[in-house]
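**Q** Next comes the structure file upload-v3.pdb, holding PDB, C-alpha atoms and all ligand atoms.
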```pdb
ATOM      1  CA  MET P  25     -20.838 182.460 139.218
ATOM      2  CA  SER P  26     -23.827 184.186 137.668
ATOM      3  CA  GLY P  27     -25.232 181.214 135.720
ATOM      4  CA  ARG P  28     -27.723 178.700 137.047
ATOM      5  CA  PHE P  29     -27.422 174.905 137.202
ATOM      6  CA  LEU P  30     -30.633 172.843 137.109
ATOM      7  CA  VAL P  31     -30.744 169.042 137.391
ATOM      8  CA  LEU P  32     -33.450 166.430 136.819
ATOM      9  CA  GLU P  33     -33.077 163.196 138.800
ATOM     10  CA  GLY P  34     -35.062 159.993 139.195
ATOM     11  CA  ILE P  35     -35.267 156.317 138.285
ATOM     12  CA  ASP P  36     -34.942 155.061 134.705
ATOM     13  CA  GLY P  37     -37.938 155.971 132.602
ATOM     14  CA  CYS P  38     -39.365 158.533 135.059
ATOM     15  CA  GLY P  39     -39.724 161.080 132.232
ATOM     16  CA  LYS P  40     -36.576 163.226 132.564
ATOM     17  CA  THR P  41     -35.806 163.365 128.841
ATOM     18  CA  THR P  42     -39.407 164.237 127.961
ATOM     19  CA  GLN P  43     -39.504 167.053 130.523
ATOM     20  CA  LEU P  44     -36.044 168.337 129.632
ATOM     21  CA  ARG P  45     -37.048 168.787 125.972
ATOM     22  CA  GLN P  46     -40.163 170.726 126.928
ATOM     23  CA  LEU P  47     -38.212 172.901 129.357
ATOM     24  CA  ALA P  48     -35.765 173.679 126.552
ATOM     25  CA  ASP P  49     -38.670 175.090 124.526
ATOM     26  CA  TRP P  50     -40.005 177.171 127.413
ATOM     27  CA  LEU P  51     -37.118 178.393 129.571
ATOM     28  CA  PRO P  52     -35.393 180.784 127.117
ATOM     29  CA  GLY P  53     -38.632 182.775 126.657
ATOM     30  CA  SER P  54     -39.927 182.288 130.218
ATOM     31  CA  GLY P  55     -38.570 185.558 131.551
ATOM     32  CA  LEU P  56     -36.606 183.666 134.222
ATOM     33  CA  MET P  57     -33.282 183.708 132.367
ATOM     34  CA  PRO P  58     -31.385 186.984 132.064
ATOM     35  CA  SER P  59     -31.279 188.372 128.529
ATOM     36  CA  GLY P  60     -28.141 187.203 126.748
ATOM     37  CA  ALA P  61     -27.899 183.964 128.752
ATOM     38  CA  THR P  62     -27.907 180.732 126.738
ATOM     39  CA  LEU P  63     -29.552 177.485 127.897
ATOM     40  CA  HIS P  64     -27.375 174.368 127.578
ATOM     41  CA  LEU P  65     -28.954 170.904 127.679
ATOM     42  CA  THR P  66     -26.725 168.115 128.828
ATOM     43  CA  ARG P  67     -26.709 164.742 130.557
ATOM     44  CA  GLU P  68     -24.712 162.241 132.572
ATOM     45  CA  PRO P  69     -23.155 160.074 131.511
ATOM     46  CA  GLY P  70     -22.240 161.596 128.150
ATOM     47  CA  GLY P  71     -22.180 165.404 128.352
ATOM     48  CA  THR P  72     -18.763 165.720 126.674
ATOM     49  CA  PRO P  73     -16.933 163.866 123.867
ATOM     50  CA  LEU P  74     -14.992 161.859 126.489
ATOM     51  CA  GLY P  75     -18.262 161.285 128.344
ATOM     52  CA  ARG P  76     -19.944 159.887 125.238
ATOM     53  CA  ALA P  77     -17.197 157.269 124.928
ATOM     54  CA  LEU P  78     -17.545 156.468 128.655
ATOM     55  CA  ARG P  79     -21.340 156.237 128.261
ATOM     56  CA  GLU P  80     -20.964 153.455 125.713
ATOM     57  CA  LEU P  81     -18.554 151.572 128.006
ATOM     58  CA  LEU P  82     -20.922 152.002 130.959
ATOM     59  CA  LEU P  83     -24.261 151.241 129.336
ATOM     60  CA  ASN P  84     -23.622 149.112 126.235
ATOM     61  CA  PRO P  85     -20.194 147.492 126.556
ATOM     62  CA  PRO P  86     -19.169 144.285 124.835
ATOM     63  CA  ALA P  87     -19.574 141.534 127.458
ATOM     64  CA  GLU P  88     -15.820 141.222 128.022
ATOM     65  CA  SER P  89     -15.526 144.988 128.765
ATOM     66  CA  ALA P  90     -18.360 145.283 131.326
ATOM     67  CA  PRO P  91     -16.959 147.184 134.348
ATOM     68  CA  ASP P  92     -16.917 145.763 137.863
ATOM     69  CA  PRO P  93     -18.824 147.885 140.422
ATOM     70  CA  THR P  94     -15.757 149.856 141.596
ATOM     71  CA  ALA P  95     -14.607 150.459 138.021
ATOM     72  CA  GLU P  96     -18.173 151.525 137.187
ATOM     73  CA  LEU P  97     -18.127 154.040 140.069
ATOM     74  CA  LEU P  98     -14.812 155.483 138.884
ATOM     75  CA  LEU P  99     -16.027 155.764 135.277
ATOM     76  CA  TYR P 100     -19.117 157.738 136.362
ATOM     77  CA  ALA P 101     -16.810 159.971 138.438
ATOM     78  CA  ALA P 102     -14.486 160.470 135.448
ATOM     79  CA  ASP P 103     -17.449 161.383 133.236
ATOM     80  CA  ARG P 104     -18.571 163.935 135.868
ATOM     81  CA  ALA P 105     -15.125 165.495 136.367
ATOM     82  CA  GLN P 106     -14.807 166.083 132.615
ATOM     83  CA  HIS P 107     -18.401 167.330 132.386
ATOM     84  CA  VAL P 108     -17.881 169.838 135.208
ATOM     85  CA  GLU P 109     -14.576 171.225 133.984
ATOM     86  CA  ARG P 110     -15.191 171.253 130.224
ATOM     87  CA  MET P 111     -18.858 172.084 130.040
ATOM     88  CA  ILE P 112     -20.722 173.065 133.238
ATOM     89  CA  ARG P 113     -18.245 175.399 134.963
ATOM     90  CA  PRO P 114     -17.381 177.406 131.809
ATOM     91  CA  ALA P 115     -21.083 177.826 130.998
ATOM     92  CA  LEU P 116     -21.921 179.010 134.535
ATOM     93  CA  GLU P 117     -18.962 181.405 134.488
ATOM     94  CA  ARG P 118     -20.341 182.938 131.270
ATOM     95  CA  GLY P 119     -23.683 183.483 133.019
ATOM     96  CA  ASP P 120     -25.449 180.740 131.031
ATOM     97  CA  TRP P 121     -27.968 178.242 132.356
ATOM     98  CA  VAL P 122     -27.261 174.498 132.339
ATOM     99  CA  LEU P 123     -30.032 171.887 132.454
ATOM    100  CA  SER P 124     -28.710 168.376 133.093
ATOM    101  CA  ASP P 125     -30.371 164.978 132.884
ATOM    102  CA  ARG P 126     -28.773 163.459 136.064
ATOM    103  CA  PHE P 127     -25.812 164.569 138.190
ATOM    104  CA  SER P 128     -23.993 163.282 141.269
ATOM    105  CA  GLY P 129     -27.161 162.229 143.118
ATOM    106  CA  SER P 130     -27.507 159.407 140.578
ATOM    107  CA  THR P 131     -24.175 157.934 141.706
ATOM    108  CA  ILE P 132     -25.299 157.857 145.334
ATOM    109  CA  ALA P 133     -28.600 156.189 144.375
ATOM    110  CA  TYR P 134     -27.277 153.667 141.803
ATOM    111  CA  GLN P 135     -23.751 152.847 142.983
ATOM    112  CA  GLY P 136     -24.480 153.495 146.683
ATOM    113  CA  ASP P 137     -28.003 152.245 147.346
ATOM    114  CA  GLY P 138     -28.184 150.005 144.277
ATOM    115  CA  ARG P 139     -24.717 148.385 144.252
ATOM    116  CA  GLY P 140     -24.017 148.812 147.974
ATOM    117  CA  LEU P 141     -20.633 150.520 147.467
ATOM    118  CA  ASN P 142     -19.147 152.466 150.380
ATOM    119  CA  LEU P 143     -21.007 155.750 150.830
ATOM    120  CA  GLN P 144     -18.011 157.698 152.153
ATOM    121  CA  THR P 145     -15.969 156.697 149.091
ATOM    122  CA  ILE P 146     -18.810 157.889 146.860
ATOM    123  CA  LEU P 147     -19.043 161.209 148.719
ATOM    124  CA  ASP P 148     -15.252 161.680 148.467
ATOM    125  CA  LEU P 149     -15.429 161.089 144.709
ATOM    126  CA  GLU P 150     -18.385 163.454 144.432
ATOM    127  CA  ARG P 151     -16.323 166.195 146.103
ATOM    128  CA  ILE P 152     -13.365 165.567 143.777
ATOM    129  CA  ALA P 153     -15.399 165.330 140.562
ATOM    130  CA  THR P 154     -17.730 168.273 141.191
ATOM    131  CA  ALA P 155     -14.969 170.548 142.542
ATOM    132  CA  GLY P 156     -17.380 172.947 144.222
ATOM    133  CA  ILE P 157     -20.121 172.919 141.581
ATOM    134  CA  THR P 158     -23.542 172.144 143.076
ATOM    135  CA  PRO P 159     -26.959 172.434 141.421
ATOM    136  CA  ASP P 160     -29.022 175.535 142.173
ATOM    137  CA  VAL P 161     -32.069 173.314 141.992
ATOM    138  CA  THR P 162     -32.643 169.584 141.615
ATOM    139  CA  LEU P 163     -36.070 168.367 140.522
ATOM    140  CA  TRP P 164     -36.760 164.768 141.581
ATOM    141  CA  LEU P 165     -39.280 163.102 139.295
ATOM    142  CA  ASP P 166     -41.057 160.771 141.699
ATOM    143  CA  LEU P 167     -42.591 157.824 139.823
ATOM    144  CA  PRO P 168     -43.517 154.347 141.151
ATOM    145  CA  LEU P 169     -41.136 151.695 139.861
ATOM    146  CA  GLN P 170     -43.920 149.634 138.278
ATOM    147  CA  GLU P 171     -45.079 152.642 136.247
ATOM    148  CA  SER P 172     -41.527 153.330 135.050
ATOM    149  CA  LEU P 173     -41.210 149.689 133.946
ATOM    150  CA  ARG P 174     -44.537 149.944 132.136
ATOM    151  CA  ARG P 175     -43.464 153.121 130.353
ATOM    152  CA  ARG P 176     -40.180 151.609 129.250
ATOM    153  CA  GLY P 177     -42.217 148.744 127.810
ATOM    154  CA  ALA P 178     -40.486 146.552 125.253
ATOM    155  CA  ARG P 179     -37.505 148.890 124.854
ATOM    156  CA  ALA P 180     -34.218 146.982 125.298
ATOM    157  CA  ASP P 181     -32.649 147.486 128.748
ATOM    158  CA  ASP P 182     -29.170 148.975 129.031
ATOM    159  CA  ARG P 183     -26.658 147.306 131.389
ATOM    160  CA  ILE P 184     -27.879 149.213 134.468
ATOM    161  CA  GLU P 185     -31.600 148.759 133.745
ATOM    162  CA  ALA P 186     -30.970 145.028 133.293
ATOM    163  CA  GLU P 187     -29.992 144.715 136.987
ATOM    164  CA  GLY P 188     -33.603 143.861 137.793
ATOM    165  CA  GLU P 189     -36.407 145.049 140.018
ATOM    166  CA  SER P 190     -34.869 144.635 143.484
ATOM    167  CA  PHE P 191     -31.832 146.691 142.400
ATOM    168  CA  LEU P 192     -34.092 149.372 140.928
ATOM    169  CA  MET P 193     -36.225 149.393 144.094
ATOM    170  CA  ARG P 194     -33.124 150.111 146.213
ATOM    171  CA  VAL P 195     -32.244 152.901 143.776
ATOM    172  CA  ALA P 196     -35.763 154.338 144.059
ATOM    173  CA  ASP P 197     -35.522 154.271 147.881
ATOM    174  CA  GLY P 198     -32.155 156.022 147.613
ATOM    175  CA  PHE P 199     -33.617 158.829 145.520
ATOM    176  CA  LYS P 200     -36.420 159.307 148.028
ATOM    177  CA  ARG P 201     -33.956 159.611 150.923
ATOM    178  CA  LEU P 202     -31.640 161.924 148.953
ATOM    179  CA  ALA P 203     -34.497 164.217 147.988
ATOM    180  CA  ALA P 204     -35.266 164.751 151.678
ATOM    181  CA  GLU P 205     -31.609 165.058 152.740
ATOM    182  CA  ARG P 206     -30.572 167.436 149.976
ATOM    183  CA  GLY P 207     -33.659 169.610 149.668
ATOM    184  CA  TRP P 208     -34.535 168.453 146.145
ATOM    185  CA  ILE P 209     -37.923 169.538 144.826
ATOM    186  CA  PRO P 210     -40.227 166.507 144.493
ATOM    187  CA  VAL P 211     -42.320 166.390 141.320
ATOM    188  CA  GLU P 212     -45.337 164.055 141.166
ATOM    189  CA  ALA P 213     -44.433 162.373 137.851
ATOM    190  CA  ASP P 214     -47.295 159.835 137.752
ATOM    191  CA  GLN P 215     -49.513 162.019 135.570
ATOM    192  CA  GLY P 216     -49.567 163.112 131.943
ATOM    193  CA  ALA P 217     -46.407 164.644 130.487
ATOM    194  CA  GLU P 218     -48.116 167.999 129.906
ATOM    195  CA  GLN P 219     -49.351 168.171 133.520
ATOM    196  CA  VAL P 220     -45.884 167.299 134.823
ATOM    197  CA  GLN P 221     -44.438 170.063 132.636
ATOM    198  CA  GLN P 222     -46.883 172.647 133.937
ATOM    199  CA  LEU P 223     -46.048 171.626 137.502
ATOM    200  CA  ILE P 224     -42.304 171.947 136.871
ATOM    201  CA  ARG P 225     -42.744 175.369 135.276
ATOM    202  CA  ARG P 226     -44.662 176.609 138.302
ATOM    203  CA  LEU P 227     -42.006 175.239 140.649
ATOM    204  CA  LEU P 228     -39.217 176.949 138.702
ATOM    205  CA  GLU P 229     -41.144 180.219 138.592
ATOM    206  CA  ASP P 230     -41.566 180.038 142.359
ATOM    207  CA  ARG P 231     -37.878 179.325 142.825
ATOM    208  CA  PHE P 232     -36.384 181.863 140.414
ATOM    209  CA  ALA P 233     -38.934 184.645 139.937
ATOM    210  CA  GLN P 234     -37.948 186.341 143.194
ATOM    211  CA  ALA P 235     -34.422 186.801 141.817
ATOM    212  CA  LEU P 236     -35.708 188.810 138.830
ATOM    213  CA  PRO P 237     -34.920 192.532 138.799
TER     214      PRO P 237
HETATM  215  N1  LIG P 301     -26.324 156.016 136.154
HETATM  216  C1  LIG P 301     -26.191 157.320 135.794
HETATM  217  C2  LIG P 301     -25.634 155.479 137.234
HETATM  218  O1  LIG P 301     -25.751 154.285 137.521
HETATM  219  N2  LIG P 301     -24.822 156.302 137.954
HETATM  220  C3  LIG P 301     -24.640 157.615 137.635
HETATM  221  O2  LIG P 301     -23.854 158.329 138.312
HETATM  222  C4  LIG P 301     -25.351 158.147 136.514
HETATM  223  C5  LIG P 301     -25.170 159.595 136.126
HETATM  224  C6  LIG P 301     -28.204 156.384 132.356
HETATM  225  C7  LIG P 301     -28.038 155.151 133.220
HETATM  226  O3  LIG P 301     -26.869 155.315 133.986
HETATM  227  C8  LIG P 301     -27.184 155.144 135.349
HETATM  228  C9  LIG P 301     -28.651 155.466 135.461
HETATM  229  C10 LIG P 301     -29.218 154.997 134.162
HETATM  230  O4  LIG P 301     -29.550 153.621 134.269
HETATM  231  P1  LIG P 301     -29.974 157.154 130.665
HETATM  232  O5  LIG P 301     -30.413 156.529 129.403
HETATM  233  O6  LIG P 301     -29.283 158.448 130.560
HETATM  234  O7  LIG P 301     -29.078 156.076 131.389
HETATM  235  O8  LIG P 301     -31.084 157.401 131.723
HETATM  236  P2  LIG P 301     -32.523 156.876 131.868
HETATM  237  O9  LIG P 301     -33.035 157.538 133.045
HETATM  238  O10 LIG P 301     -32.561 155.397 131.860
HETATM  239  O11 LIG P 301     -33.238 157.444 130.560
HETATM  240  P3  LIG P 301     -34.617 157.038 130.048
HETATM  241  O12 LIG P 301     -34.726 157.639 128.695
HETATM  242  O13 LIG P 301     -34.873 155.610 130.195
HETATM  243  O14 LIG P 301     -35.639 157.713 131.052
HETATM  244  P4  LIG P 301     -36.202 159.160 131.181
HETATM  245  O15 LIG P 301     -35.397 160.118 130.379
HETATM  246  O16 LIG P 301     -36.363 159.465 132.597
HETATM  247  O17 LIG P 301     -37.672 159.022 130.559
HETATM  248  P5  LIG P 301     -38.247 159.425 129.131
HETATM  249  O18 LIG P 301     -38.619 160.825 129.111
HETATM  250  O19 LIG P 301     -37.325 158.910 128.083
HETATM  251  O20 LIG P 301     -39.594 158.584 129.181
HETATM  252  C11 LIG P 301     -39.598 157.168 129.148
HETATM  253  C12 LIG P 301     -40.855 156.697 128.377
HETATM  254  O21 LIG P 301     -42.012 157.145 129.059
HETATM  255  C13 LIG P 301     -42.801 158.006 128.227
HETATM  256  C14 LIG P 301     -41.870 158.482 127.127
HETATM  257  O22 LIG P 301     -42.562 158.809 125.949
HETATM  258  C15 LIG P 301     -40.962 157.276 126.961
HETATM  259  O23 LIG P 301     -41.585 156.328 126.137
HETATM  260  N3  LIG P 301     -43.256 159.096 129.098
HETATM  261  C16 LIG P 301     -44.501 159.143 129.615
HETATM  262  N4  LIG P 301     -45.581 158.342 129.488
HETATM  263  C17 LIG P 301     -46.704 158.686 130.189
HETATM  264  N5  LIG P 301     -46.786 159.776 130.987
HETATM  265  C18 LIG P 301     -45.750 160.612 131.129
HETATM  266  N6  LIG P 301     -45.842 161.675 131.938
HETATM  267  C19 LIG P 301     -44.531 160.305 130.429
HETATM  268  N7  LIG P 301     -43.309 160.901 130.363
HETATM  269  C20 LIG P 301     -42.550 160.145 129.558
END
```
Let me see the structure of the file written as structure tokens.
Ligand code: T5A
**A**
Amino acid sequence: MSGRFLVLEGIDGCGKTTQLRQLADWLPGSGLMPSGATLHLTREPGGTPLGRALRELLLNPPAESAPDPTAELLLYAADRAQHVERMIRPALERGDWVLSDRFSGSTIAYQGDGRGLNLQTILDLERIATAGITPDVTLWLDLPLQESLRRRGARADDRIEAEGESFLMRVADGFKRLAAERGWIPVEADQGAEQVQQLIRRLLEDRFAQALP
């Protein structure tokens, strides 16, 4: 496949959405993308129409519909399978670039490290849902938990954020381990949004410029 798949990962409130928007302004004119390639911004959960319905059930369900941990794991996997087959794979096959806010690493960190679900089951579901699609690069926005809580401020928590600090600390530890295991690029996110953006741009230039004709 000639397209490229870029992912931003990290704990809630680490700045992914902010950085993704700025990358969307820069990448198409950066000289890194081949001419004619389109940049697609997407996210998990919720990158497809089915995914948007699943996102509501996962993050803001009526109390009586809140999923148990195993059901939650399967819903994230269903969102990903649909996302890969309906959106990511076709875009990459066309030679487009896809920039996603979260991908399968989030399931390992949240449902594995956070919830304590069986890691092998999670890896089996990852293999089924991603069906051979892996990111070309994953940027891990590394931010201390206390700073992410401060940034989120008075904003209402969704169902996952409401799990509390010890859950989120396990998730943060999971991301740190995954970044080392999977060769993700760490990004020091505890600085101003503009500085983080400049850092990410340099990292992407280093990664992709050598592939330019
Ligand atoms: N989930 C997801 C799972 O449990 N399993 C899975 O498999 C998957 C895929 C998704 C939830 O689902 C869970 C994880 C999540 O809990 P979401 O809303 O998509 O939920 O994800 P969040 O990460 O929670 O999104 P947020 O919007 O909360 O965080 P962002 O996007 O990382 O951060 P952002 O950019 O919105 O910034 C947060 C605040 O900080 C400010 C922003 O203005 C904003 O107010 N900010 C900064 N302030 C100072 N300095 C900077 N550098 C700043 N950058 C941003």
**Q** P:Pro114, P:Gly156, P:Pro73, P:Pro93: which is nearest ligand LIG 301 (chain P), counting only C-alpha atoms and all ligand atoms?
**A** P:Pro93
**Q** Counting all atoms listed in the file, what is within 8 Å of Gly119 of chain P, bar same-chain residues fewer than 3 positions away, as an MDAnalysis selection string?
**A** chainID P and resid 25:28 61 115:116
**Q** Restricting the calculation to only C-alpha atoms: of P:Ser124, P:Trp208, P:Arg183, P:Leu98, which residue gets closest to Leu83 of chain P?
**A**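 Closest residue, counting only C-alpha atoms: P:Arg183.
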**Q** Just so the selection is clear, what residues does the PyMOL selection byres (((chain P and resi 216) around 12) and not hetatm) cover here, as a list in words?
**A**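 For this structure, the PyMOL selection byres (((chain P and resi 216) around 12) and not hetatm) captures Cys38, Gly39, Thr42, Gln43, Leu167, Arg175, Glu212, Ala213, Asp214, Gln215, Ala217, Glu218, Gln219, Val220, Gln221, Gln222 and Leu223 of chain P.
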**Q** Apply the PyMOL selection byres (((chain P and resi 147) around 12) and not hetatm) to the structure shown and report the selected residues as a PyMOL selection string.
**A** chain P and resi 97+101+128-133+135-136+141-146+148-155
**Q** Export C-alpha atoms of the chosen residues as a PDB file, keeping the file's coordinate frame?
**A**
```pdb
ATOM      1  CA  LEU P  97     -18.127 154.040 140.069  1.00  0.00           C
ATOM      2  CA  ALA P 101     -16.810 159.971 138.438  1.00  0.00           C
ATOM      3  CA  SER P 128     -23.993 163.282 141.269  1.00  0.00           C
ATOM      4  CA  GLY P 129     -27.161 162.229 143.118  1.00  0.00           C
ATOM      5  CA  SER P 130     -27.507 159.407 140.578  1.00  0.00           C
ATOM      6  CA  THR P 131     -24.175 157.934 141.706  1.00  0.00           C
ATOM      7  CA  ILE P 132     -25.299 157.857 145.334  1.00  0.00           C
ATOM      8  CA  ALA P 133     -28.600 156.189 144.375  1.00  0.00           C
ATOM      9  CA  GLN P 135     -23.751 152.847 142.983  1.00  0.00           C
ATOM     10  CA  GLY P 136     -24.480 153.495 146.683  1.00  0.00           C
ATOM     11  CA  LEU P 141     -20.633 150.520 147.467  1.00  0.00           C
ATOM     12  CA  ASN P 142     -19.147 152.466 150.380  1.00  0.00           C
ATOM     13  CA  LEU P 143     -21.007 155.750 150.830  1.00  0.00           C
ATOM     14  CA  GLN P 144     -18.011 157.698 152.153  1.00  0.00           C
ATOM     15  CA  THR P 145     -15.969 156.697 149.091  1.00  0.00           C
ATOM     16  CA  ILE P 146     -18.810 157.889 146.860  1.00  0.00           C
ATOM     17  CA  ASP P 148     -15.252 161.680 148.467  1.00  0.00           C
ATOM     18  CA  LEU P 149     -15.429 161.089 144.709  1.00  0.00           C
ATOM     19  CA  GLU P 150     -18.385 163.454 144.432  1.00  0.00           C
ATOM     20  CA  ARG P 151     -16.323 166.195 146.103  1.00  0.00           C
ATOM     21  CA  ILE P 152     -13.365 165.567 143.777  1.00  0.00           C
ATOM     22  CA  ALA P 153     -15.399 165.330 140.562  1.00  0.00           C
ATOM     23  CA  THR P 154     -17.730 168.273 141.191  1.00  0.00           C
ATOM     24  CA  ALA P 155     -14.969 170.548 142.542  1.00  0.00           C
TER      25      ALA P 155
END
```
**Q** Using Å and a single decimal, report how far atom CA of His107 of chain P sits from atom CA of Ala186 of chain P.
**A**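 Rounded to one decimal, the two atoms are 25.6 Å apart.
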**Q** When you draw a straight line from atom CA of Gly207 of chain P to atom CA of Pro159 of chain P, how long is it in Å?
**A**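 Straight-line distance from atom CA of Gly207 of chain P to atom CA of Pro159 of chain P works out to 11.0 Å.
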**Q** Starting from the PyMOL selection byres (((chain P and resi 195-203) around 9) and not hetatm), expand the selection into actual residues of this file and give them as a ChimeraX atom specification.
**A** /P:33-35,129-130,132-139,162-164,166-169,190-194,204-210
**Q** Emit as AutoDock Vina command-line options the padded axis-aligned box for all listed atoms of ligand LIG 301 (chain P), 6 Å per side, with centre and edge lengths in Å to one decimal.
**A**
```
--center_x -35.3 --center_y 157.6 --center_z 132.1 --size_x 34.9 --size_y 20.1 --size_z 24.4
```
**Q** Of the residues P:Leu227, P:Val108, P:Ala77, P:Ile184, which is the one nearest to ligand LIG 301 (chain P), using all atoms listed in the file?
**A** P:Ile184
**Q** Atom CA of Asp160 of chain P and atom N6 of ligand LIG 301 (chain P), how far apart in Å?
**A** 24.1 Å
